[in-house]
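Next comes model-v9.csv, a file with CSV, C-alpha atoms.
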chain,number,residue,atom,x,y,z
A,3,MET,CA,155.3,41.3,29.4
A,4,VAL,CA,156.9,38.3,27.9
A,5,ARG,CA,157.9,40.3,24.9
A,6,ASP,CA,159.5,43.1,27.0
A,7,LEU,CA,161.4,40.6,29.1
A,8,GLY,CA,162.6,38.8,26.0
A,9,ARG,CA,163.8,42.2,24.6
A,10,GLU,CA,165.7,42.8,27.9
A,11,LEU,CA,167.2,39.3,27.8
A,12,ARG,CA,168.5,39.8,24.2
A,13,GLN,CA,169.9,43.3,25.0
A,14,ALA,CA,171.8,42.0,28.0
A,15,ARG,CA,173.0,38.9,26.1
A,16,VAL,CA,174.4,41.0,23.3
A,17,GLU,CA,176.0,43.4,25.7
A,18,HIS,CA,177.9,40.5,27.3
A,19,GLY,CA,178.9,39.0,24.0
A,20,LEU,CA,177.0,35.8,24.6
A,21,SER,CA,175.4,33.6,22.0
A,22,GLN,CA,171.8,32.2,22.2
A,23,GLY,CA,173.3,28.7,22.2
A,24,SER,CA,175.6,29.5,25.2
A,25,ILE,CA,172.9,30.8,27.5
A,26,GLY,CA,170.4,28.2,26.3
A,27,HIS,CA,172.9,25.4,27.1
A,28,ALA,CA,173.3,26.9,30.7
A,29,VAL,CA,169.6,26.5,31.3
A,30,GLY,CA,168.8,23.4,29.2
A,31,LEU,CA,167.2,25.2,26.2
A,32,SER,CA,168.1,25.1,22.5
A,33,ASP,CA,169.4,28.3,20.8
A,34,THR,CA,166.1,28.3,18.7
A,35,GLU,CA,164.0,28.3,21.9
A,36,VAL,CA,166.1,31.2,23.3
A,37,GLY,CA,165.6,33.1,20.1
A,38,ARG,CA,161.9,32.6,20.2
A,39,ILE,CA,161.8,33.7,23.8
A,40,GLU,CA,163.8,36.8,23.0
A,41,ARG,CA,161.3,37.7,20.3
A,42,GLY,CA,158.3,37.0,22.6
A,43,LEU,CA,157.0,34.2,20.4
A,44,ILE,CA,156.7,31.6,23.2
A,45,ARG,CA,153.8,32.8,25.2
A,46,THR,CA,153.8,29.9,27.6
A,47,VAL,CA,157.4,30.4,28.8
A,48,SER,CA,157.5,29.8,32.6
A,49,LEU,CA,158.7,32.3,35.2
A,50,ILE,CA,161.3,29.8,36.2
A,51,GLN,CA,162.7,29.6,32.7
A,52,LEU,CA,162.7,33.4,32.3
A,53,SER,CA,164.4,33.8,35.7
A,54,ARG,CA,167.1,31.3,34.9
A,55,LEU,CA,167.8,32.9,31.5
A,56,LEU,CA,167.9,36.4,32.9
A,57,SER,CA,170.3,35.3,35.7
A,58,VAL,CA,172.7,33.9,33.1
A,59,VAL,CA,173.0,37.4,31.6
A,60,GLY,CA,173.3,39.1,35.0
A,61,LEU,CA,169.6,40.2,35.4
A,62,GLU,CA,167.2,39.4,38.2
A,63,LEU,CA,163.5,38.8,37.5
A,64,SER,CA,161.2,40.6,40.0
A,65,ALA,CA,157.5,40.5,39.9
A,66,ARG,CA,154.6,42.2,41.7
A,67,ALA,CA,150.9,41.6,41.7
A,68,TYR,CA,148.3,44.3,41.9
A,69,PRO,CA,144.5,44.1,42.3
A,70,ALA,CA,142.8,44.5,38.9
A,71,GLY,CA,139.2,44.7,39.9
A,72,SER,CA,138.0,41.1,39.3
A,73,PRO,CA,134.3,40.9,39.9
A,74,ILE,CA,134.8,37.7,41.9
A,75,ARG,CA,137.2,39.5,44.2
A,76,ASP,CA,135.2,42.7,44.3
A,77,HIS,CA,131.7,41.5,45.1
A,78,PRO,CA,132.2,40.7,48.9
A,79,GLN,CA,134.4,43.8,49.2
A,80,LEU,CA,131.8,46.0,47.6
A,81,GLN,CA,129.2,44.6,50.0
A,82,LEU,CA,131.5,45.5,53.0
A,83,LEU,CA,132.0,49.0,51.7
A,84,GLY,CA,128.3,49.3,51.2
A,85,ARG,CA,127.7,48.5,54.9
A,86,LEU,CA,130.1,51.3,55.9
A,87,ARG,CA,128.5,53.7,53.4
A,88,LEU,CA,125.2,53.2,55.2
A,89,GLU,CA,126.8,54.4,58.4
A,90,VAL,CA,128.1,57.6,56.8
A,91,PRO,CA,125.7,60.6,56.6
A,92,THR,CA,125.5,63.1,53.8
A,93,PRO,CA,127.7,65.8,55.3
A,94,ILE,CA,130.7,63.4,54.8
A,95,GLN,CA,131.7,63.2,51.2
A,96,TRP,CA,132.4,59.7,49.9
A,97,GLN,CA,134.7,58.9,46.9
A,98,SER,CA,135.3,55.4,45.7
A,99,GLU,CA,138.5,54.0,44.2
A,100,VAL,CA,140.7,57.1,44.7
A,101,LEU,CA,143.9,56.6,42.8
A,102,ILE,CA,147.2,57.1,44.6
A,103,GLY,CA,150.5,58.4,43.2
A,104,PRO,CA,151.5,59.3,39.7
A,105,SER,CA,150.0,58.1,36.4
A,106,GLY,CA,150.6,54.3,36.0
A,107,ASP,CA,150.4,53.6,39.8
A,108,LEU,CA,147.6,51.0,40.0
A,109,ARG,CA,147.1,51.5,43.8
A,110,ALA,CA,143.9,53.1,45.0
A,111,TRP,CA,142.1,53.7,48.3
A,112,ASP,CA,138.9,51.7,48.3
A,113,ALA,CA,137.2,54.9,49.5
A,114,VAL,CA,138.1,58.3,50.8
A,115,LEU,CA,135.9,60.2,53.2
A,116,ALA,CA,136.2,63.9,53.4
A,117,VAL,CA,134.8,66.7,55.6
A,118,GLY,CA,136.1,70.1,54.3
A,119,GLN,CA,139.9,69.7,53.9
A,120,ASP,CA,140.1,66.7,56.2
A,121,ARG,CA,140.3,63.2,54.6
A,122,ILE,CA,140.6,59.7,55.7
A,123,GLY,CA,141.3,56.7,53.5
A,124,VAL,CA,139.4,53.4,53.7
A,125,GLU,CA,141.0,50.0,53.0
A,126,ALA,CA,138.5,47.2,53.0
A,127,GLU,CA,139.5,43.6,53.7
A,128,THR,CA,137.0,40.7,53.7
A,129,ARG,CA,139.6,38.3,55.2
A,130,LEU,CA,142.6,39.6,57.2
A,131,VAL,CA,145.4,37.1,56.5
A,132,ASP,CA,148.7,38.9,56.7
A,133,VAL,CA,148.3,41.8,59.3
A,134,GLN,CA,151.8,43.1,58.8
A,135,ALA,CA,151.5,43.2,55.0
A,136,VAL,CA,148.2,45.1,55.3
A,137,GLN,CA,149.8,47.6,57.7
A,138,ARG,CA,152.7,48.2,55.4
A,139,ARG,CA,150.3,48.6,52.4
A,140,ILE,CA,148.2,51.2,54.3
A,141,ALA,CA,151.3,53.0,55.5
A,142,LEU,CA,152.6,53.4,52.0
A,143,LYS,CA,149.2,54.5,50.7
A,144,CYS,CA,149.0,57.2,53.5
A,145,ARG,CA,152.5,58.3,52.6
A,146,ASP,CA,152.0,58.4,48.8
A,147,SER,CA,148.5,59.9,48.8
A,148,GLY,CA,149.1,62.6,51.4
A,149,ILE,CA,146.1,61.2,53.4
A,150,PRO,CA,147.6,60.7,56.9
A,151,LEU,CA,144.7,58.7,58.4
A,152,ALA,CA,143.1,55.4,57.5
A,153,ILE,CA,140.3,53.1,58.4
A,154,LEU,CA,141.0,49.4,58.0
A,155,LEU,CA,137.5,48.1,57.3
A,156,LEU,CA,137.1,44.4,58.1
A,157,ALA,CA,134.2,42.0,57.6
A,158,ASN,CA,132.9,41.1,61.0
A,159,THR,CA,133.7,37.4,60.8
A,160,ARG,CA,135.1,34.9,63.4
A,161,SER,CA,138.5,34.7,61.6
A,162,ASN,CA,138.8,38.5,61.4
A,163,ARG,CA,137.9,39.0,65.0
A,164,ALA,CA,140.5,36.3,66.0
A,165,ALA,CA,143.1,38.1,63.9
A,166,VAL,CA,142.3,41.4,65.5
A,167,ARG,CA,142.6,39.9,69.0
A,168,ALA,CA,145.9,38.1,68.1
A,169,PHE,CA,147.5,41.2,66.7
A,170,GLY,CA,145.8,43.7,69.0
A,171,ALA,CA,148.9,45.5,70.2
A,172,SER,CA,150.4,45.8,66.8
A,173,LEU,CA,147.1,47.0,65.3
A,174,ARG,CA,146.6,49.6,68.1
A,175,ALA,CA,150.0,51.1,67.4
A,176,THR,CA,148.9,51.8,63.8
A,177,PHE,CA,145.2,52.3,64.4
A,178,PRO,CA,144.8,53.8,67.9
A,179,ILE,CA,141.1,54.8,67.7
A,180,MET,CA,138.6,52.2,68.8
A,181,GLY,CA,136.3,51.0,66.0
A,182,SER,CA,133.2,51.9,68.0
A,183,GLU,CA,134.5,55.4,68.5
A,184,ALA,CA,135.3,55.7,64.8
A,185,LEU,CA,131.8,54.6,63.9
A,186,GLN,CA,130.2,57.0,66.4
A,187,ALA,CA,132.1,59.9,64.9
A,188,LEU,CA,131.1,58.9,61.4
A,189,ARG,CA,127.4,58.6,62.3
A,190,ALA,CA,127.7,62.1,63.8
A,191,GLY,CA,129.0,63.5,60.5
A,192,ARG,CA,132.6,63.8,61.8
A,193,LEU,CA,135.8,62.0,60.7
A,194,PRO,CA,137.6,60.0,63.5
A,195,GLY,CA,140.5,61.8,65.1
A,196,GLY,CA,142.9,59.0,64.1
A,197,SER,CA,143.3,55.8,62.2
A,198,ALA,CA,141.0,52.9,63.3
A,199,VAL,CA,140.1,49.3,62.6
A,200,VAL,CA,136.3,48.9,62.0
A,201,LEU,CA,134.6,45.6,61.9
A,202,LEU,CA,131.2,45.6,60.1
Could you spell out this file's structure in C-alpha cells?
Amino acid sequence: MVRDLGRELRQARVEHGLSQGSIGHAVGLSDTEVGRIERGLIRTVSLIQLSRLLSVVGLELSARAYPAGSPIRDHPQLQLLGRLRLEVPTPIQWQSEVLIGPSGDLRAWDAVLAVGQDRIGVEAETRLVDVQAVQRRIALKCRDSGIPLAILLLANTRSNRAAVRAFGASLRATFPIMGSEALQALRAGRLPGGSAVVLL
C-alpha cells in the first residue's frame, strides 16, 4: 500500500513539474526522505505525512477499513451465529460468509438463509455501537447482493437492548418484523416475511 501510494505521489509530482525538494520543503521533509517514500522504502511513513505529501501534488488520501477475519474478532461473533444456527431447522439452507459484489469486494454476509429461491442475509453484531452505520452497511449489502431482506442478529446484552430501545423507531423502519416473529418463522422452517432485528 505504501509502495502504491509512493508511486502515485511520484507520478503526480512529475506531472506537475515539482521537485522532491519542493514538495518535501512544503511538509518539512528532505528530498531524500521524499524519494524514499516515493520508492516505498520507508515502511513506517505515517498517514499524516502521506496525506500532506499527496495534498501538495493535488491528491487526497482516502482510506477504508474492512473486516479481515481476525480470530479475536470472530470468536464471539461465531458463538452468536452458532446460537442462531441452533434455531434454524434442516429445511432452511445455511451458508456462511457469502461474498458480495464482484471479485475483490471484501464484504460478505455473515450467513445467508435460503428456502427455495427465497433468501435472507444475516449480519451479526456482538455490540451495537453505531446504529446508523450498521443500517447503511446492511442496506448496501442488500443492494449489492440482490438479497432484499436481512436479519440484524445481536447478542442479547444489556447494552444492545438499550441501543435497540433508544433507536427503536429508526430500526423498525428498516427492520419491520419483530424478532420474536422472525425466530418463530425460522423455527417453523420458514423465512421471515421481512427484515428483522433478532436478539439471541
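Separating CA of Leu142 in chain A from CA of Ala168 in chain A is a distance of 23.2 Å.
For the atom pair formed by CA of Asn162 in chain A and CA of Asp120 in chain A, the distance is 28.7 Å, given to one decimal.
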> What's the 10 Å shell around Arg87 in chain A, counting all atoms listed in the file, without same-chain residues fewer than 5 positions away, as number ranges by chain?
Replying inline: A: 81-82, 92, 96, 113, 115, 188
> Given the choices A:Gly148, A:Gly42, A:Gly170, A:Gly123, which gets closest to Pro194 in chain A if the distance is worked out from only C-alpha atoms?
Replying inline: A:Gly123
With a distance cut-off of 12 Å and only C-alpha atoms, select the neighbouring residues of Gln119 in chain A, excluding the residue or stretch itself and same-chain residues fewer than 5 positions from it, and output the selection as a compact mmCIF listing (two decimals) with C-alpha atoms, in the coordinates of the input.
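Dumped to result_24.txt:
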# COMPACT_ATOMS: atom_id res chain seq x y z
CA ILE A 94 130.70 63.40 54.80
CA GLN A 95 131.70 63.20 51.20
CA VAL A 114 138.10 58.30 50.80
CA GLY A 148 149.10 62.60 51.40
CA ILE A 149 146.10 61.20 53.40
CA LEU A 193 135.80 62.00 60.70
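Reported to one decimal place, the separation of CA of Asp107 in chain A from CA of Val90 in chain A is 28.3 Å.
If you measure from each of A:Ile179, A:Val59, A:Leu52, A:Gly8 to Ser24 in chain A using all atoms listed in the file, the closest one turns out to be A:Val59.
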Coordinate excerpt as a short mmCIF file (atom, residue, chain, number, x, y, z; two decimals), in the first residue's frame: range 85-194 of chain A, C-alpha atoms:
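In the end it all went to decode.cif:
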data_model
loop_
_atom_site.label_atom_id
_atom_site.label_comp_id
_atom_site.auth_asym_id
_atom_site.auth_seq_id
_atom_site.Cartn_x
_atom_site.Cartn_y
_atom_site.Cartn_z
CA ARG A 85 -26.86 -19.74 18.64
CA LEU A 86 -28.94 -18.68 15.63
CA ARG A 87 -28.00 -21.80 13.72
CA LEU A 88 -29.42 -23.94 16.53
CA GLU A 89 -32.77 -22.20 15.91
CA VAL A 90 -32.76 -22.99 12.18
CA PRO A 91 -34.10 -26.43 11.20
CA THR A 92 -32.78 -28.51 8.30
CA PRO A 93 -35.29 -27.39 5.60
CA ILE A 94 -33.63 -23.97 5.71
CA GLN A 95 -30.27 -23.96 3.93
CA TRP A 96 -27.47 -22.16 5.79
CA GLN A 97 -24.41 -20.69 4.06
CA SER A 98 -21.65 -18.92 5.97
CA GLU A 99 -19.53 -15.98 4.79
CA VAL A 100 -21.34 -15.37 1.48
CA LEU A 101 -19.32 -12.92 -0.62
CA ILE A 102 -20.97 -9.81 -2.04
CA GLY A 103 -20.25 -7.99 -5.27
CA PRO A 104 -17.51 -8.51 -7.85
CA SER A 105 -14.14 -10.14 -7.31
CA GLY A 106 -12.04 -8.07 -4.93
CA ASP A 107 -15.04 -6.88 -2.89
CA LEU A 108 -14.16 -7.97 0.66
CA ARG A 109 -17.70 -7.65 2.01
CA ALA A 110 -19.69 -10.74 2.91
CA TRP A 111 -22.91 -11.68 4.65
CA ASP A 112 -22.09 -13.48 7.89
CA ALA A 113 -24.67 -16.03 6.76
CA VAL A 114 -27.40 -16.42 4.15
CA LEU A 115 -30.52 -18.49 4.85
CA ALA A 116 -32.45 -19.91 1.91
CA VAL A 117 -35.71 -21.73 1.30
CA GLY A 118 -36.09 -22.48 -2.41
CA GLN A 119 -35.39 -19.23 -4.27
CA ASP A 120 -36.05 -17.03 -1.23
CA ARG A 121 -33.03 -15.77 0.71
CA ILE A 122 -32.31 -13.56 3.68
CA GLY A 123 -28.91 -12.21 4.72
CA VAL A 124 -27.65 -12.31 8.31
CA GLU A 125 -25.41 -9.61 9.79
CA ALA A 126 -24.18 -10.47 13.29
CA GLU A 127 -23.08 -7.81 15.78
CA THR A 128 -21.89 -8.66 19.26
CA ARG A 129 -22.01 -4.98 20.29
CA LEU A 130 -24.21 -2.43 18.53
CA VAL A 131 -22.36 0.88 18.68
CA ASP A 132 -23.31 2.94 15.60
CA VAL A 133 -26.86 2.03 14.59
CA GLN A 134 -26.92 4.25 11.51
CA ALA A 135 -23.62 2.86 10.22
CA VAL A 136 -24.93 -0.70 10.61
CA GLN A 137 -28.17 0.20 8.82
CA ARG A 138 -26.23 1.76 5.93
CA ARG A 139 -23.89 -1.23 5.71
CA ILE A 140 -26.79 -3.68 5.60
CA ALA A 141 -28.68 -1.57 3.04
CA LEU A 142 -25.62 -1.61 0.75
CA LYS A 143 -25.21 -5.37 1.21
CA CYS A 144 -28.88 -5.90 0.30
CA ARG A 145 -28.50 -3.71 -2.76
CA ASP A 146 -25.22 -5.21 -3.99
CA SER A 147 -26.02 -8.87 -3.23
CA GLY A 148 -29.56 -8.88 -4.65
CA ILE A 149 -30.80 -10.23 -1.31
CA PRO A 150 -33.56 -7.80 -0.33
CA LEU A 151 -34.12 -8.90 3.28
CA ALA A 152 -31.78 -9.06 6.27
CA ILE A 153 -31.64 -10.20 9.86
CA LEU A 154 -29.60 -7.99 12.15
CA LEU A 155 -28.50 -10.55 14.73
CA LEU A 156 -27.47 -9.03 18.06
CA ALA A 157 -26.05 -10.56 21.20
CA ASN A 158 -28.71 -10.31 23.90
CA THR A 159 -26.77 -7.97 26.19
CA ARG A 160 -27.83 -5.01 28.32
CA SER A 161 -26.05 -2.50 26.04
CA ASN A 162 -27.58 -3.97 22.87
CA ARG A 163 -31.07 -4.00 24.41
CA ALA A 164 -30.58 -0.35 25.41
CA ALA A 165 -29.45 0.55 21.87
CA VAL A 166 -32.47 -1.20 20.36
CA ARG A 167 -34.79 0.71 22.71
CA ALA A 168 -33.07 4.04 22.03
CA PHE A 169 -33.20 3.65 18.24
CA GLY A 170 -36.47 1.69 18.11
CA ALA A 171 -38.29 3.87 15.57
CA SER A 172 -35.32 4.02 13.20
CA LEU A 173 -34.70 0.28 13.47
CA ARG A 174 -38.38 -0.58 12.92
CA ALA A 175 -38.36 1.42 9.68
CA THR A 176 -35.55 -0.79 8.34
CA PHE A 177 -36.42 -4.00 10.21
CA PRO A 178 -40.24 -4.07 10.49
CA ILE A 179 -40.62 -7.71 11.61
CA MET A 180 -40.46 -8.33 15.36
CA GLY A 181 -37.54 -10.51 16.44
CA SER A 182 -39.86 -12.99 18.16
CA GLU A 183 -41.88 -13.37 14.92
CA ALA A 184 -38.71 -13.87 12.88
CA LEU A 185 -37.50 -16.58 15.26
CA GLN A 186 -40.92 -18.26 15.23
CA ALA A 187 -40.86 -18.37 11.42
CA LEU A 188 -37.31 -19.78 11.36
CA ARG A 189 -38.15 -22.46 13.92
CA ALA A 190 -41.10 -23.46 11.71
CA GLY A 191 -38.77 -23.83 8.71
CA ARG A 192 -39.85 -20.58 7.05
CA LEU A 193 -38.02 -17.34 6.33
CA PRO A 194 -39.45 -14.21 7.95
#
